[in-house]
Structure formats: structure tokens, C-alpha cells
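Novice: Mind having a look at this structure? Questions to follow.
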Amino acid sequence: MRQAEREWQLAALRERIGGLAPEGAGRPVLPFGVAPLDVHLPGGGLRLGAVHEVLAAGPVDGEGALAALFVAAILARLTGPVLWCLPGRDLFAPGLAAVGLHPDRVLYAETRRETEVLPTMEEGLRHRGLAAVVGEAARLGLTPSRRLQLAAEGSGSLALVIRRRAGAIPEPNAAATRWGVTAAPSAALPVPGLSRARWTVALLRARGAEPRTWLLEAPDAKGRLRVPADLADRPVAAPARRTAAG
Amino acid sequence: MAQEGPRRVLAAVDRAARSLRLRPGLALAQAQAMVPGLHLIEADPEGDAAALARLAAWCLAYAPLVAPDPPDGIWIDVAGATHLHGGEAALLAGLRRRLGRAGYRVRTALADTPGAAWAAARCLHPETVLPPGGQRAFLLDLPLWSLRLDREIVSGLGQLGLTRIAHLAGQPRGPLRLRFGEAPGRRLDQALGHAPEPLATLAPPVAHIVRLAFPEPIGAPETLARVTGRLTAMLADDLTRHGLGARRLDLVFRRVDGLDQSVSVGTARPSRDPTHLARLLSERLGTIDPGHGLDEARLAAPRVERLEARQLAAPGEEPDPEAMAELVDRLVLRLGPGRVFRRAPVESEWPERAVRRVAPLSPATGATWPADLPRPGRLLPVPEPVAVLAALPDAPPSAFTWRGTRRRVARADGPERIFGEWWLTEDEVSATRDYYRVEDETGARYWLFRDCLTPEGARWWLHGLGEA
């Protein structure tokens, strides 16, 4: 009798502690399908219904080409329509299709000004039925990111913000993860030509995980990143550590 | 020709007659003396008025508030409706083009006030758009008759040396009023927007219309939103009974001083979902100026399409096309038409032409770009020239300078030669481009091309950035 009562109390306690777990825990995630990344990320992938930002910095990547491809590859592994809010015209749809994002799935919203991007994203995130909403903005402040986060939680859509020409010191905001993608020299071929591009994918900030970088091969036609074959057999630098976060 | 007192005079003349220096108001006998064999038609003022009313009703396609202005004008209150037609200038151009095709010679103008628009349409360029708040500068130069004053008043003012609106605007009002009555001052104030000018607007000839009259004038934004919600619910009931969905909605508030206020919204697919329609309208309610109060509201659906009842989609099924249509409507309302779209492939080798925009709700075709041609993530809208160091004429460059930074090429692939589409423009008959994919020492990838066969030799351009 007393045993049963104690177990009931324990269960109640566990439930209360479970309620204190990091917000969003237990929501579905989108795994990258790359073991070292998925092991490192809390929940085993990108959390859906949350805001993630991808910084595009530097003279070349400031144009956000790799960030756009990184995002398109993530979208390629989701199903359903996506909304892409952008103030410019330089996004090249054939390049996105090459990493698996089919043009039939993408609805574009071209804003007149960059300041309209985040409100348009929020409009899309409040709408149920989109798999993801992407926006290209130079800034993502604390309050706008919270609004996007709330909208994303409501609909369960993935929110991705490409921060073009991001400043050296990123602003604090409510994004669940912050990524940076930079080019890395690709493997030399025995004949003239280009092998698959390589990227340095950096997790710059994440709730519940330490920053880390990985050298990966650029996504294939289905949006899958890959650990380069010549690196795959090496030991991973350090065992993945998890930190508690509140 | 028409009877004017004891005389028979010309009522109106066509272009050919005008070139023979015949003018309206000329005595018939004199006109026949000037042009022997003149072709005369009896004036038909009732017929003209009826035709003007028919034309005004046709103009309801542009905005919900339209008022015929006999004998030869029509006012359209486009406030709250320009976004449906791509802006003010596009609205005027489209209106004039469509009327021109139907055989009407029209002059159009768009201004803040009916009076200013009347004057600008008759005195300025036939597609004038006066900037908001800017009518004063344009009006001051115009002749006094453009204030819609009677001929006697204009000639009386002319005897005083007042021929332009600027002259009138500079005069003290009191003496003028004693001599010419209220008209000159009132018309001037109306044209400049200092005095209201209610228009006798046409009742829209639509079957699907709902009204709410208020015992007390309303004006608070939240009240307007609540009224909008009730009207859309009533209209949705009506549309459901008829199996229809609205493609356009006109919401008109009658203001106590007669200056009616309206908003219009369009939808991408027929809809009768009251929540969705109310939300579309509510986003525009900010443009309503309640003034001293609004005492009636009416909501009409001038464009409807058949919309059959359908079952609710189970969760997890195909994306609901109606839900997508609602999102598209809201985005279009926020950003304007033409800014929400999908992209579809075009079979063209030129990268700039390989993509076209299609309507956001056009059916999915499944078509995509050839998978075997690597393409960059960003395509510069205009290729940027680069200075290149190439060892051999047909080899990929060994280094290039772009935006002031020199980059050494570590690896390269190419060329992919594409030929000009000579059937599109003559300039491309002999145009070719050799595209190279190059990677610099940091691993960054670029898409460069060399154009060929120009007199000054080949030039190099950077066209794309990044590659997966």
C-alpha cells in the first residue's frame, strides 16, 4: 500500500520535473541524417515549431549563397509546401532544385523592403499547413524572434531565418539554434574538374548543446549532407557532451 | 444640335467638326454657312444620360463608389481599391486602354478631391496622377472654368481680370461672395480639399449584398471590425445558399456627411469563409476615415464564382488548396499583387531565362530543371565583370579579381557552352557563353563565364555564387 503510494508520488514528481524540461522538448525534430550532428543536437535534429537562424557572413557568403543552399537542403527533407520571403531577386531556383527542393513546393513572397520580411514570415508561420517558412533578413532582434517563435510553436512549422550580411557580433535573440555555413576546399580529383563541394557547418549557438563545427560534403540531390568518406573513419574529436539548459 | 431658347445651336461636335472650327454653342445657321452640307443629328440628352449611367455602372468593376457626372464625366472613388489594379497609375492606364478599345475617347486623372480630378482630367495630361496633398500646385495654373463654375460667373470674373485659379485663390472671399454668390469659394475649397464634396454614387447592381444600419453613428476601430465580422457572416450565409464564393468584396460605409468610405479586397480563389473574408477586410479598415460617424455599412460581392460544398479535409492529407488560397490572399493583401508567386522551369539554356514566375495557386506540374547541370544558389541579377588571369585562351582562369579582391583558382570545371537564342533577339545570333565552375583556395565556388566573339575580345563575368 505504502509502496504503491510512494510510486505514485514518484510518478507525480517525475511529471513535475518533466514540465521543467527545456521548452520545446518532446516536440518533433527533423534529423539531419548525419550521425555526428544528430547525436550532438538536443532531441536528435532541428526542432520543428521553432526558429533557427543561419548566418551568412564574409565577402562571398555574405550574399547568402551557401546559407540558401543549406536551408533548401533542410526543406528538401521535409514534406509539404514552404514559404520563402525575400527582399531581393538573386535566389536561383535551379540551384535550390539541385539540392532537392522541388519548385512546385515553394511559394515566394517578394517584399519591397527588407523590414517587411519578418512580418511576412510571421503571417506565414501563423498559417497551418506550411512545412516551413524561410526569410532573408539582415537583423533578427529579440522581440521579432520571440514573435516568430510563438507563431512557429502555434503551427508547428519550421522557421528559418537567413541572416544576410550578418554583423560580427550576432544580436541575442530567441532562435533555438544559430548556424554558420562556410566553404571548405573540396577533395582533389586525379583529373581536372570539381568533386562535391565541402562546407564547414558550424553550430554557433544552441539551447542545450555546445557550439561545434563539422566538415561535411555539400547536400546531394535529395538534400542529404554527408561526412566526407576520407574523414568518416577517423574518431570523432570528442564524445558529444550534453548540457542542461533551462 | 439643340434648342436653346429661340435659337437652334450646336450641342456637341466631333473631332472633324472641331477641326473646321465649329464649336458647341454656335448658332445652327452660322455653322451651316461655315460648312455647307454639315451632317446634323438631333441632340438626345436623355439618351446621353442613360449611356453615361451605363458606362458608370461598368466602372464599378474598378471601385465600389462610382458617380456619373453629367454631361460627360464619371467619378470613381478609388480609395481602398487601387491595390487590386496594381497601383494608381496602372489603374488609370488600364481604364483608359479598356475604354479606348471600346471606342471611347477619354481623359482621366486621379487626385485627392473630385474637383481636382475633374480639372486635371480636362486640362492636364490625359493620364494625370496628382500626388497626394499636391493638387494645389497643379491647380493654381488652370483656367477658372475648370472649377466647374457657370459660364456667366467665369466671364464675370474674367472682366475683373481673374482668369486663373491662382487669381481666385488670392482674392478676399467677402466681396466675391456678394457679387458671384457662394459658388466660386465653395468650388475652390472643394477642389483643394478644404470643403467636403459628397458624390451621388450609384447603387451597385449586385445580387449579393448585405446591409447594416446603425441607430447611432459609429466610428471606433473595434466597432468597425465587429460590424465587418457580422456583415461577412451574413454575406457568407447568402453565398452558401446560392453555392457561390466571392472573388471580390466591396465594403462601403455611409458617412453622416455624405463622404462614403470604402475598402475592396480580392481573393485568389472563390471563398465564403466568413473568418477569412473578415480578416482580409479588417486588414484594410485602417484606411477608413470615420469622420463624425458612419451610419450604414453595406458589403457586396460584385464578383462571385461557383463554389460547391465540400468535406473537411482530414489532418495529414494533401495540403488543403483552400487553406493555401487564404494564405495567398493575405500575403497579396500585405505585399501587393505580383509579389506572391511560384517559380517554374523554362527550357532555356540562358540561366536568366530558365526561370519564370507562375501564379501562386497554379497547378503543380512536377517539372523541374535538368539534374545533371550544376547550378549556383544565387544568380547575380546582372553579371558582374571580373578581371581574369588565364594561362591559355580556352582554359579556365588561374585567378580573377571580383569586387576588388583577387582570388586564386584552385580547381575548375568547364566549359559548359551555351548558345544565344537567335530566335528571340538579333543580338544573340552569334552570342555564346562558356561557363566555368571554379573553386578558390578557400573552397568558395563561383560561376564565371566568358562571352565570345566580341570585337574587343572575350570578356569574363561572374554570374553565380555558391554551389552544392
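Identifiers in this document derive from the order of the C-alpha cells: chains are assigned A, B, ..., residues are numbered from 1 separately in each chain, and ligands are numbered from 1 in order of occurrence.
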Please tabulate, as a tab-separated table, the residues of chain A that come within 7 Å of chain B, each with its closest pair of atoms and the distance in Å to one decimal, counting only C-alpha atoms and ordering rows by chain, then residue number upward.
Specialist:
residue	atom	partner	partner_atom	distance
A:Ala65	CA	B:Gly466	CA	5.0
A:Leu66	CA	B:Gly466	CA	5.6
A:Ala68	CA	B:Gly377	CA	6.6
A:Leu69	CA	B:Gly377	CA	6.0
A:Gly80	CA	B:Pro319	CA	7.0
A:Arg89	CA	B:Pro381	CA	6.8
A:Asp90	CA	B:Leu379	CA	5.1
A:Leu91	CA	B:Arg378	CA	4.7
A:Phe92	CA	B:Arg378	CA	4.9
A:Pro94	CA	B:Trp369	CA	5.9
A:Gly95	CA	B:Gly377	CA	4.6
A:Leu96	CA	B:Gly377	CA	6.2
A:Ala98	CA	B:Ala371	CA	6.2
A:Val99	CA	B:Ala468	CA	6.9
A:His102	CA	B:Thr368	CA	6.8
A:Pro103	CA	B:Arg343	CA	6.0
A:Asp104	CA	B:Ala364	CA	5.4
A:Val106	CA	B:Arg342	CA	6.2
A:Leu107	CA	B:Arg342	CA	5.0
A:Tyr108	CA	B:Phe341	CA	5.3
A:Ala109	CA	B:Val340	CA	4.5
A:Glu110	CA	B:Arg339	CA	5.0
A:Thr111	CA	B:Leu335	CA	6.2
A:His127	CA	B:Leu327	CA	6.8
A:Gly129	CA	B:Pro319	CA	6.3
A:Ala183	CA	B:Gly443	CA	5.0
A:Ala184	CA	B:Gly443	CA	4.4
A:Pro185	CA	B:Gly443	CA	3.8
A:Ser186	CA	B:Gly443	CA	6.3
A:Pro192	CA	B:Asp413	CA	7.0
A:Gly193	CA	B:Asp413	CA	4.5
A:Leu194	CA	B:Asp413	CA	5.8
A:Ala197	CA	B:Ala468	CA	5.9
A:Ala218	CA	B:Ala468	CA	5.0
A:Pro219	CA	B:Ala468	CA	6.0
Novice: Could you save the residues just selected, with N, CA and C atoms, as a compact mmCIF listing (two decimals), in the first residue's frame?
Specialist:
# COMPACT_ATOMS: atom_id res chain seq x y z
N ALA A 65 24.70 32.62 -50.39
CA ALA A 65 24.50 31.52 -51.34
C ALA A 65 24.52 30.18 -50.62
N LEU A 66 25.55 29.97 -49.78
CA LEU A 66 25.63 28.68 -49.10
C LEU A 66 24.52 28.56 -48.07
N ALA A 68 21.56 29.75 -48.32
CA ALA A 68 20.33 29.41 -49.03
C ALA A 68 20.32 27.94 -49.40
N LEU A 69 21.46 27.43 -49.83
CA LEU A 69 21.51 26.01 -50.21
C LEU A 69 21.37 25.12 -48.98
N GLY A 80 5.68 18.90 -47.88
CA GLY A 80 4.67 19.95 -47.79
C GLY A 80 5.19 21.27 -48.32
N ARG A 89 16.16 39.53 -55.61
CA ARG A 89 15.80 38.69 -56.74
C ARG A 89 16.90 37.73 -57.12
N ASP A 90 17.92 37.57 -56.27
CA ASP A 90 19.07 36.81 -56.73
C ASP A 90 19.01 35.33 -56.39
N LEU A 91 17.98 34.90 -55.67
CA LEU A 91 17.86 33.48 -55.34
C LEU A 91 17.62 32.72 -56.64
N PHE A 92 18.40 31.64 -56.87
CA PHE A 92 18.32 30.95 -58.15
C PHE A 92 17.65 29.61 -57.94
N PRO A 94 16.90 27.04 -59.82
CA PRO A 94 17.53 25.79 -60.27
C PRO A 94 18.58 25.28 -59.28
N GLY A 95 19.29 26.21 -58.62
CA GLY A 95 20.26 25.79 -57.62
C GLY A 95 19.59 25.13 -56.43
N LEU A 96 18.43 25.65 -56.04
CA LEU A 96 17.70 25.04 -54.92
C LEU A 96 17.16 23.68 -55.32
N ALA A 98 18.54 21.70 -57.25
CA ALA A 98 19.66 20.75 -57.30
C ALA A 98 19.93 20.11 -55.94
N VAL A 99 19.48 20.74 -54.85
CA VAL A 99 19.64 20.10 -53.55
C VAL A 99 18.31 19.50 -53.08
N HIS A 102 11.93 20.95 -54.66
CA HIS A 102 11.19 20.99 -55.92
C HIS A 102 10.46 22.32 -56.07
N PRO A 103 10.49 22.93 -57.27
CA PRO A 103 9.86 24.26 -57.41
C PRO A 103 8.37 24.27 -57.11
N ASP A 104 7.69 23.15 -57.30
CA ASP A 104 6.25 23.14 -57.02
C ASP A 104 5.94 23.37 -55.55
N VAL A 106 7.52 25.50 -53.46
CA VAL A 106 7.95 26.77 -52.88
C VAL A 106 7.05 27.91 -53.32
N LEU A 107 6.51 28.60 -52.36
CA LEU A 107 5.75 29.82 -52.60
C LEU A 107 6.69 30.97 -52.22
N TYR A 108 6.90 31.90 -53.15
CA TYR A 108 7.78 33.02 -52.86
C TYR A 108 6.95 34.26 -52.52
N ALA A 109 7.41 35.00 -51.56
CA ALA A 109 6.79 36.29 -51.24
C ALA A 109 7.90 37.33 -51.33
N GLU A 110 7.83 38.16 -52.36
CA GLU A 110 8.87 39.16 -52.57
C GLU A 110 8.44 40.46 -51.92
N THR A 111 9.19 40.89 -50.93
CA THR A 111 8.82 42.11 -50.21
C THR A 111 9.51 43.30 -50.86
N HIS A 127 -0.02 30.47 -40.25
CA HIS A 127 -0.86 29.68 -41.12
C HIS A 127 -0.51 28.20 -40.93
N GLY A 129 -0.33 24.47 -42.17
CA GLY A 129 -0.29 23.81 -43.47
C GLY A 129 1.00 24.05 -44.22
N ALA A 183 32.50 27.89 -46.92
CA ALA A 183 33.06 26.95 -47.90
C ALA A 183 34.35 26.36 -47.36
N ALA A 184 34.64 25.13 -47.75
CA ALA A 184 35.90 24.49 -47.41
C ALA A 184 36.45 23.87 -48.69
N PRO A 185 37.77 23.78 -48.81
CA PRO A 185 38.33 23.21 -50.04
C PRO A 185 37.82 21.79 -50.24
N SER A 186 37.46 21.50 -51.48
CA SER A 186 36.94 20.17 -51.77
C SER A 186 38.11 19.23 -52.02
N PRO A 192 41.43 16.92 -63.96
CA PRO A 192 40.86 18.26 -63.80
C PRO A 192 39.35 18.18 -63.61
N GLY A 193 38.82 19.03 -62.76
CA GLY A 193 37.38 19.01 -62.52
C GLY A 193 37.10 19.28 -61.06
N LEU A 194 35.85 19.23 -60.71
CA LEU A 194 35.44 19.56 -59.36
C LEU A 194 34.73 18.36 -58.75
N ALA A 197 31.28 19.71 -53.48
CA ALA A 197 31.75 20.81 -52.63
C ALA A 197 31.75 20.37 -51.17
N ALA A 218 28.72 18.86 -49.28
CA ALA A 218 27.50 19.61 -49.60
C ALA A 218 26.38 18.64 -49.93
N PRO A 219 25.12 19.10 -49.74
CA PRO A 219 24.00 18.19 -49.91
C PRO A 219 23.89 17.63 -51.32
Novice: Can you list, as an NGL selection string, every protein, DNA or RNA residue that comes within 10 Å of stretch 45-57 of chain B when you count only C-alpha atoms, leaving out same-chain residues fewer than 6 positions away?
Specialist: :B and (2 or 11 or 64-76 or 99 or 201-205)
Novice: Take the selection from the previous step and output its residues with C-alpha atoms, as a CSV table (one decimal), in the first residue's frame.
Specialist:
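Now in out33.csv:
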chain,number,residue,atom,x,y,z
B,2,ALA,CA,-30.3,71.5,-79.7
B,11,ALA,CA,-24.8,71.0,-78.7
B,64,PRO,CA,-17.4,50.3,-55.3
B,65,LEU,CA,-18.1,54.1,-55.3
B,66,VAL,CA,-18.9,55.5,-58.8
B,67,ALA,CA,-20.8,58.6,-59.5
B,68,PRO,CA,-21.9,59.8,-63.0
B,69,ASP,CA,-21.2,63.5,-63.6
B,70,PRO,CA,-23.4,64.6,-66.4
B,71,PRO,CA,-23.0,65.5,-69.2
B,72,ASP,CA,-19.7,63.9,-69.9
B,73,GLY,CA,-17.9,62.8,-66.7
B,74,ILE,CA,-17.7,59.9,-64.3
B,75,TRP,CA,-16.2,60.0,-60.8
B,76,ILE,CA,-14.6,56.8,-59.4
B,99,LEU,CA,-12.4,52.3,-72.7
B,201,THR,CA,-22.9,57.4,-56.1
B,202,LEU,CA,-24.6,54.6,-58.0
B,203,ALA,CA,-26.1,51.7,-56.1
B,204,PRO,CA,-24.1,48.7,-57.2
B,205,PRO,CA,-26.3,46.4,-59.3
Novice: Neighbours of B:Leu144 within 7 Å (only C-alpha atoms; same-chain residues fewer than 3 positions away dropped), as a list in words?
Specialist: Leu147, Val154, Thr163, Arg164 and Ile165 of chain B
Novice: Using only C-alpha atoms, which of the listed residues (B:Ala117, B:Leu235, B:Ala90, B:Pro274) sits closest to B:Ala207?
Specialist: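 Closest to B:Ala207 of all the choices is B:Leu235.
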Novice: Mind checking which residues fall within 10 Å of A:Leu41, counting only C-alpha atoms, ignoring those fewer than 5 positions away in the same chain, and posting them as a PDB file with C-alpha atoms, in the first residue's frame?
Specialist:
ATOM      1  CA  VAL A  29      12.572  17.157 -34.723  1.00  0.00           C
ATOM      2  CA  PRO A  31      17.201  14.850 -38.107  1.00  0.00           C
ATOM      3  CA  PHE A  32      19.999  15.808 -40.489  1.00  0.00           C
ATOM      4  CA  PRO A  36      27.679  13.330 -35.625  1.00  0.00           C
ATOM      5  CA  LEU A  46      16.363  20.527 -35.807  1.00  0.00           C
ATOM      6  CA  ARG A  47      13.339  21.149 -33.642  1.00  0.00           C
ATOM      7  CA  THR A 177      19.867  27.310 -32.945  1.00  0.00           C
ATOM      8  CA  LEU A 203      26.623  25.217 -34.834  1.00  0.00           C
ATOM      9  CA  ALA A 206      22.069  26.155 -29.452  1.00  0.00           C
ATOM     10  CA  ARG A 207      19.941  25.699 -26.434  1.00  0.00           C
ATOM     11  CA  GLY A 208      21.126  22.525 -24.776  1.00  0.00           C
ATOM     12  CA  ALA A 209      24.214  21.908 -26.906  1.00  0.00           C
ATOM     13  CA  GLU A 210      27.721  23.282 -27.124  1.00  0.00           C
ATOM     14  CA  PRO A 211      28.976  25.077 -30.229  1.00  0.00           C
ATOM     15  CA  ALA A 240      29.335  14.560 -27.513  1.00  0.00           C
ATOM     16  CA  ARG A 241      28.530  16.263 -24.262  1.00  0.00           C
ATOM     17  CA  ARG A 242      25.071  17.360 -23.287  1.00  0.00           C
TER      18      ARG A 242
END
Novice: Would you mind listing what lies within 8 Å of stretch 110-115 of chain B as a PDB file with N, CA and C atoms, in the first residue's frame, with only C-alpha atoms counted and same-chain residues fewer than 6 positions away left out?
Specialist:
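Result saved to around-v5.pdb:
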ATOM      1  N   TRP B  75     -17.101  59.998 -61.961  1.00  0.00           N
ATOM      2  CA  TRP B  75     -16.168  59.974 -60.849  1.00  0.00           C
ATOM      3  C   TRP B  75     -16.054  58.555 -60.324  1.00  0.00           C
ATOM      4  N   GLU B  88      -2.053  53.285 -58.618  1.00  0.00           N
ATOM      5  CA  GLU B  88      -2.897  54.325 -59.199  1.00  0.00           C
ATOM      6  C   GLU B  88      -2.648  54.517 -60.686  1.00  0.00           C
ATOM      7  N   LEU B  92      -5.288  53.850 -63.888  1.00  0.00           N
ATOM      8  CA  LEU B  92      -5.703  54.833 -64.898  1.00  0.00           C
ATOM      9  C   LEU B  92      -5.375  54.342 -66.296  1.00  0.00           C
ATOM     10  N   ALA B 121      -8.351  66.215 -65.257  1.00  0.00           N
ATOM     11  CA  ALA B 121      -8.710  65.376 -66.392  1.00  0.00           C
ATOM     12  C   ALA B 121      -8.947  66.222 -67.628  1.00  0.00           C
ATOM     13  N   GLU B 127      -3.555  61.160 -68.593  1.00  0.00           N
ATOM     14  CA  GLU B 127      -3.457  60.144 -67.541  1.00  0.00           C
ATOM     15  C   GLU B 127      -2.738  60.734 -66.337  1.00  0.00           C
ATOM     16  N   THR B 128      -3.226  61.869 -65.848  1.00  0.00           N
ATOM     17  CA  THR B 128      -2.538  62.557 -64.770  1.00  0.00           C
ATOM     18  C   THR B 128      -2.824  61.897 -63.425  1.00  0.00           C
ATOM     19  N   VAL B 129      -1.795  61.704 -62.635  1.00  0.00           N
ATOM     20  CA  VAL B 129      -1.991  61.305 -61.246  1.00  0.00           C
ATOM     21  C   VAL B 129      -1.387  62.409 -60.386  1.00  0.00           C
ATOM     22  N   LEU B 130      -2.233  63.185 -59.732  1.00  0.00           N
ATOM     23  CA  LEU B 130      -1.720  64.240 -58.864  1.00  0.00           C
ATOM     24  C   LEU B 130      -1.267  63.596 -57.558  1.00  0.00           C
ATOM     25  N   PRO B 131      -0.080  63.941 -57.076  1.00  0.00           N
ATOM     26  CA  PRO B 131       0.407  63.316 -55.844  1.00  0.00           C
ATOM     27  C   PRO B 131      -0.495  63.689 -54.667  1.00  0.00           C
ATOM     28  N   PRO B 132      -0.587  62.795 -53.665  1.00  0.00           N
ATOM     29  CA  PRO B 132      -1.440  63.096 -52.515  1.00  0.00           C
ATOM     30  C   PRO B 132      -1.033  64.413 -51.871  1.00  0.00           C
ATOM     31  N   GLY B 133      -2.003  65.269 -51.617  1.00  0.00           N
ATOM     32  CA  GLY B 133      -1.733  66.556 -50.991  1.00  0.00           C
ATOM     33  C   GLY B 133      -1.078  67.546 -51.929  1.00  0.00           C
ATOM     34  N   GLN B 135      -2.348  68.709 -54.984  1.00  0.00           N
ATOM     35  CA  GLN B 135      -3.174  69.243 -56.062  1.00  0.00           C
ATOM     36  C   GLN B 135      -3.067  70.753 -56.174  1.00  0.00           C
ATOM     37  N   LEU B 147     -12.981  74.926 -62.506  1.00  0.00           N
ATOM     38  CA  LEU B 147     -13.587  74.759 -61.186  1.00  0.00           C
ATOM     39  C   LEU B 147     -15.077  74.445 -61.293  1.00  0.00           C
ATOM     40  N   ARG B 148     -15.562  74.130 -62.468  1.00  0.00           N
ATOM     41  CA  ARG B 148     -16.980  73.805 -62.699  1.00  0.00           C
ATOM     42  C   ARG B 148     -17.878  74.996 -62.335  1.00  0.00           C
ATOM     43  N   ARG B 187     -16.440  75.969 -54.729  1.00  0.00           N
ATOM     44  CA  ARG B 187     -15.761  75.087 -55.680  1.00  0.00           C
ATOM     45  C   ARG B 187     -14.255  75.066 -55.432  1.00  0.00           C
ATOM     46  N   GLN B 190     -13.631  72.954 -52.414  1.00  0.00           N
ATOM     47  CA  GLN B 190     -13.830  71.536 -52.702  1.00  0.00           C
ATOM     48  C   GLN B 190     -12.670  70.970 -53.502  1.00  0.00           C
ATOM     49  N   ALA B 191     -12.180  71.759 -54.470  1.00  0.00           N
ATOM     50  CA  ALA B 191     -11.087  71.251 -55.292  1.00  0.00           C
ATOM     51  C   ALA B 191      -9.824  71.072 -54.455  1.00  0.00           C
ATOM     52  N   LEU B 192      -9.608  71.997 -53.498  1.00  0.00           N
ATOM     53  CA  LEU B 192      -8.388  71.923 -52.702  1.00  0.00           C
ATOM     54  C   LEU B 192      -8.551  71.005 -51.497  1.00  0.00           C
ATOM     55  N   GLY B 193      -9.747  70.505 -51.290  1.00  0.00           N
ATOM     56  CA  GLY B 193      -9.946  69.580 -50.183  1.00  0.00           C
ATOM     57  C   GLY B 193     -10.252  70.268 -48.870  1.00  0.00           C
ATOM     58  N   GLU B 197     -17.092  67.255 -50.565  1.00  0.00           N
ATOM     59  CA  GLU B 197     -17.967  67.222 -51.732  1.00  0.00           C
ATOM     60  C   GLU B 197     -18.569  65.823 -51.832  1.00  0.00           C
TER      61      GLU B 197
END
Novice: Would you please give, as a VMD selection string, all residues of stretch 34-152 of chain A that DSSP assigns to strand (DSSP E or B) based on the backbone?
Specialist: chain A and resid 46 to 47 51 to 56 82 to 86 91 106 to 110 132 to 137
